[in-house]
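Read the structure below first, then the notes.
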Amino acid sequence: MSSLELLADVAELSEKIGPACPLCDEAMTFRTVVPRDWRRVAVAESYPLVWCGRCDYGELADRPTPEQAAAAYDVDNYYTHRRAFDASKHSTEERVSFFDRLRTAIAWRCEQGVTTGLDEAALCRYGVAPGATVCDIGCGNGGLLTRLAGHGYAMTGIEPDPAARQVAQSHGHMVHIGSAESLPFEVRSQCFDAVTMMHVLEHCIEPTTAVRNAASLLNDRGVLIVETPNNACEGARRAGITWRWLDVPRHLNFFTPKSLRRICDEAGLAVLVTEFTGYTRQFKNDWLAEECEIRRRFADTAADSAADPDHAAKSFRAARRAAWRLLGATWAARAERKYDSVRVVAVRR
Ligand SMILES: [Zn+2]
C-alpha cells in the first residue's frame with residue numbers, strides 16, 4: 001500500500017465512529033493505520049488504531065480471536081532475526097561509532113528512572129520483602145521467576161506459550177498454563193503478596209478482565225505491579241507507527257500513565273506509585289536499526305534500495321540524526337515524556 005493510499009484510508013476512517021472505549025464507554029476515534037505486520041510482511045492485512053482522548057487509551061480497532069492473536073507470535077524470534085539482519089549490507093552502518101557511544105553515554109548519565117526490569121530493591125520499595133509470595137502473570141521463559149527466587153521470594157508463574165513455559169519449568173519453576181484473562185484453575189483459589197504483569201497487558205485481548213483477574217489474586221495487603229510501553233513518551237510520538245514498541249498486532253492495547261492508572265481504578269484498585277523505566281536503550285544502535293527496518297518494510301522501499309545501493313546507509317544516518325534530536329528534546333524532560341515504559345503499583349481499595 002502506498003503512503004498516499006494510507007492517508008486516504010485514515011481520512012476516511014476518521015469520519016467513522018470507533019468502538020466504545022472499554023474504560024469510559026464513550027466512542028473512540030480512529031487515529032492511524034498500521035499498514036502491515038512488519039514481522040510478517042507476507043500477511044496482507046492493515047491495522048486501524050482507535051484512541052480515547054478522555055482516557056488517553058488506544059487499541060486495535062479490530063480485536064483478534066485467540067487463534068489470530070496466537071498466529072501473530074509465529075515469527076522468527078528476535079535473535080534469529082538479528083543474525084540475518086547483521087549479515088546483510090546494514091552491518092557496516094550498524095557498527096558502533098565514537099558518536100554512537102557518546103550519545104548513549106550522555107543518555108545513560110541523564111537516566112534517572114527505575115532500573116529496567118523488576119528487582120528485589122524495587123519490590124522492597126513497594127513493601128514486598130523477600131519471603132513473600134509473588135505470582136508473575138505472563139512469565140515467559142521465567143527470567144523474573146529466576147531473579148526473584150534467587151532473593152528468597154516464593155514464585156509462581158502463569159504462561160500461555162508452551163515453549164516458553166517449558167524453558168521456565170526446566171529451571172525448576174512452578175508454572176501453570178493460562179493467561180491473565182483466563183487464570184489457571186490451580187491459581188484461582190490462591191492469594192499472593194504481589195502479582196506482577198511486566199509488559200503483558202498490551203498483549204491481552206481483554207485488558208480490563210486481565211487487570212480484574214490479577215487484582216482477584218491479591219491478599220489483603222497484596223500489591224499489583226503492572227508495566228507497559230509508555231505511548232506518551234516523545235520517542236513514540238516522533239516515531240509514530242514505526243515506534244519499536246508499537247509492535248502491532250502483538251500489542252493490542254496502548255497505554256499512557258493516565259490510562260494505566262485508569263484501568264487499575266476501573267478494576268477497584270488504588271494506585272500508590274507511578275514510575276518510569278527505559279531511557280538509554282532508545283539511543284542504542286540496535287533500537288535505531290530496528291526502527292529503520294520497520295520503516296523500510298512499511299514504506300515498501302525495496303525498489304528504492306535496488307535503485308540506490310546507499311539507501312540503507314542513508315536511512316541509518318538519518319536515524320542517528322533523529323536520535324540526537326530526541327536526546328536534545330528529552331534529556332531534561334519530565335519523566336512521562338522521557339521514558340519508554342510506565343509502571344504502576346496498586347492495591348485493592
Ligand atoms: Zn475512554
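Lettering and numbering for the C-alpha cells are positional, with chains as A, B, ... in the shown order, residues counted from 1 in each chain, and ligands counted from 1 in the shown order.
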
- [ ] Show which residues sit within 10 Å of Ala335 in chain A, as a PyMOL selection string. Count only C-alpha atoms, and ignore same-chain residues fewer than 6 positions away.
- [x] chain A and resi 111-113+233+275-277+279+341-342

Open item on the list: Please return as a PyMOL selection string the residues found within 8 Å of ligand 1, counting only C-alpha atoms and all ligand atoms.
Closed with: chain A and resi 20-28+52-57

Task: Residue list (strand (DSSP E), DSSP) for range 76-265 of chain A, as a VMD selection string - done: chain A and resid 133 to 137 154 to 159 175 to 177 192 to 198 218 to 229 253 to 254

Open item on the list: Here is a test: counting only C-alpha atoms, which residue of A:Val43, A:Val167, A:Val96, A:Ile294 is nearest to Gly240 in chain A?
Closed with: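 The closest residue to Gly240 in chain A is A:Ile294.
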
TODO: Looking only at alpha helix (DSSP H) from DSSP on the backbone, list the matching residues of range 132-282 of chain A as a PyMOL selection string.
DONE: chain A and resi 143-149+162-170+185-188+207-216+234-239+257-266

Task: Selected residue of minimal separation from Trp243 in chain A among A:Cys292, A:Val114, A:Cys191, A:Ala107, counting only C-alpha atoms - done: A:Cys292

Open item on the list: Would you pick out the contacts of range 198-214 of chain A at 7 Å or less, using only C-alpha atoms, so that residues sharing its chain but fewer than 5 positions from it are not included, and give the list as a ChimeraX atom specification?
Closed with: /A:63,138,180-181,226-228,250-254,263-264,267

Can I get the selection written as a PDB file, in the first residue's frame, with C-alpha atoms?
ATOM      1  CA  ARG A  63      -9.987  -7.321  18.104  1.00  0.00           C
ATOM      2  CA  GLY A 138       2.885 -13.924  31.530  1.00  0.00           C
ATOM      3  CA  ALA A 180      -4.429 -13.036  32.741  1.00  0.00           C
ATOM      4  CA  GLU A 181      -7.806 -13.316  31.009  1.00  0.00           C
ATOM      5  CA  VAL A 226       1.922  -3.538  36.049  1.00  0.00           C
ATOM      6  CA  GLU A 227       4.379  -2.200  33.456  1.00  0.00           C
ATOM      7  CA  THR A 228       3.646  -1.411  29.776  1.00  0.00           C
ATOM      8  CA  ARG A 250       1.273  -8.479  19.009  1.00  0.00           C
ATOM      9  CA  HIS A 251       0.461  -5.359  21.002  1.00  0.00           C
ATOM     10  CA  LEU A 252      -3.309  -4.788  21.012  1.00  0.00           C
ATOM     11  CA  ASN A 253      -3.622  -2.069  23.698  1.00  0.00           C
ATOM     12  CA  PHE A 254      -1.732   1.215  24.075  1.00  0.00           C
ATOM     13  CA  ILE A 263      -7.657   0.736  34.081  1.00  0.00           C
ATOM     14  CA  CYS A 264      -6.458  -0.057  37.630  1.00  0.00           C
ATOM     15  CA  ALA A 267     -10.719  -2.739  38.467  1.00  0.00           C
TER      16      ALA A 267
END

Open item on the list: For range 125-133 of chain A, find every residue with an atom within 12 Å (counting only C-alpha atoms), except residues of its own chain fewer than 6 positions away, and show them as a PyMOL selection string.
Closed with: chain A and resi 114+118-119+145+147-157+190-196+217-219+221-225+271-275+343-347

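The space between CA of Met197 in chain A and CA of Ile137 in chain A spans 5.4 Å.
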
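Here CA of Pro162 in chain A stands at a distance of 11.6 Å from CA of Cys139 in chain A.
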
All residues 9 Å or closer to Lys338 in chain A, only C-alpha atoms, same chain fewer than 4 positions away omitted, as a PDB file with N, CA, C and O atoms, in the first residue's frame:
ATOM      1  N   GLU A 111      19.729   9.315  32.664  1.00  0.00           N
ATOM      2  CA  GLU A 111      18.680   8.349  33.020  1.00  0.00           C
ATOM      3  C   GLU A 111      18.565   8.288  34.537  1.00  0.00           C
ATOM      4  O   GLU A 111      19.490   7.915  35.227  1.00  0.00           O
ATOM      5  N   ALA A 232       2.975   7.792  25.766  1.00  0.00           N
ATOM      6  CA  ALA A 232       3.025   9.251  25.887  1.00  0.00           C
ATOM      7  C   ALA A 232       4.446   9.773  25.726  1.00  0.00           C
ATOM      8  O   ALA A 232       4.660  10.985  25.749  1.00  0.00           O
ATOM      9  N   CYS A 233       5.427   8.891  25.558  1.00  0.00           N
ATOM     10  CA  CYS A 233       6.810   9.379  25.508  1.00  0.00           C
ATOM     11  C   CYS A 233       7.105  10.018  24.147  1.00  0.00           C
ATOM     12  O   CYS A 233       6.457   9.737  23.143  1.00  0.00           O
ATOM     13  N   GLU A 234       8.114  10.879  24.157  1.00  0.00           N
ATOM     14  CA  GLU A 234       8.474  11.645  22.962  1.00  0.00           C
ATOM     15  C   GLU A 234       8.973  10.724  21.844  1.00  0.00           C
ATOM     16  O   GLU A 234       8.690  10.959  20.667  1.00  0.00           O
ATOM     17  N   GLY A 235       9.679   9.666  22.197  1.00  0.00           N
ATOM     18  CA  GLY A 235      10.168   8.714  21.198  1.00  0.00           C
ATOM     19  C   GLY A 235       9.015   8.094  20.431  1.00  0.00           C
ATOM     20  O   GLY A 235       9.069   7.940  19.204  1.00  0.00           O
ATOM     21  N   PHE A 276       8.721   5.306  36.030  1.00  0.00           N
ATOM     22  CA  PHE A 276       9.075   5.220  34.609  1.00  0.00           C
ATOM     23  C   PHE A 276      10.395   4.483  34.426  1.00  0.00           C
ATOM     24  O   PHE A 276      11.298   4.637  35.245  1.00  0.00           O
ATOM     25  N   GLY A 278      13.363   2.859  31.293  1.00  0.00           N
ATOM     26  CA  GLY A 278      13.804   2.722  29.902  1.00  0.00           C
ATOM     27  C   GLY A 278      14.077   4.041  29.211  1.00  0.00           C
ATOM     28  O   GLY A 278      13.159   4.686  28.694  1.00  0.00           O
ATOM     29  N   TYR A 279      15.343   4.481  29.238  1.00  0.00           N
ATOM     30  CA  TYR A 279      15.696   5.699  28.509  1.00  0.00           C
ATOM     31  C   TYR A 279      16.864   5.435  27.560  1.00  0.00           C
ATOM     32  O   TYR A 279      16.715   5.546  26.348  1.00  0.00           O
ATOM     33  N   ALA A 329      15.816  16.820  22.937  1.00  0.00           N
ATOM     34  CA  ALA A 329      14.454  17.190  23.332  1.00  0.00           C
ATOM     35  C   ALA A 329      14.032  16.547  24.654  1.00  0.00           C
ATOM     36  O   ALA A 329      13.066  16.982  25.270  1.00  0.00           O
ATOM     37  N   THR A 330      14.735  15.482  25.094  1.00  0.00           N
ATOM     38  CA  THR A 330      14.224  14.740  26.249  1.00  0.00           C
ATOM     39  C   THR A 330      15.164  14.641  27.454  1.00  0.00           C
ATOM     40  O   THR A 330      14.723  14.241  28.526  1.00  0.00           O
ATOM     41  N   TRP A 331      16.460  14.969  27.288  1.00  0.00           N
ATOM     42  CA  TRP A 331      17.384  14.671  28.399  1.00  0.00           C
ATOM     43  C   TRP A 331      16.961  15.350  29.702  1.00  0.00           C
ATOM     44  O   TRP A 331      17.138  14.783  30.775  1.00  0.00           O
ATOM     45  N   ALA A 332      16.323  16.522  29.578  1.00  0.00           N
ATOM     46  CA  ALA A 332      15.882  17.217  30.793  1.00  0.00           C
ATOM     47  C   ALA A 332      14.353  17.254  30.886  1.00  0.00           C
ATOM     48  O   ALA A 332      13.795  18.011  31.673  1.00  0.00           O
ATOM     49  N   ALA A 333      13.665  16.443  30.059  1.00  0.00           N
ATOM     50  CA  ALA A 333      12.193  16.479  30.040  1.00  0.00           C
ATOM     51  C   ALA A 333      11.617  15.776  31.272  1.00  0.00           C
ATOM     52  O   ALA A 333      12.305  15.013  31.941  1.00  0.00           O
ATOM     53  N   ARG A 334      10.321  16.019  31.533  1.00  0.00           N
ATOM     54  CA  ARG A 334       9.699  15.306  32.640  1.00  0.00           C
ATOM     55  C   ARG A 334       9.571  13.829  32.260  1.00  0.00           C
ATOM     56  O   ARG A 334       9.511  13.476  31.080  1.00  0.00           O
TER      57      ARG A 334
END

Task: Point-to-point distance in Å for CA of Thr29 in chain A and CA of Lys16 in chain A - done: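 Computed distance, CA of Lys16 in chain A to CA of Thr29 in chain A, equals 7.6 Å.
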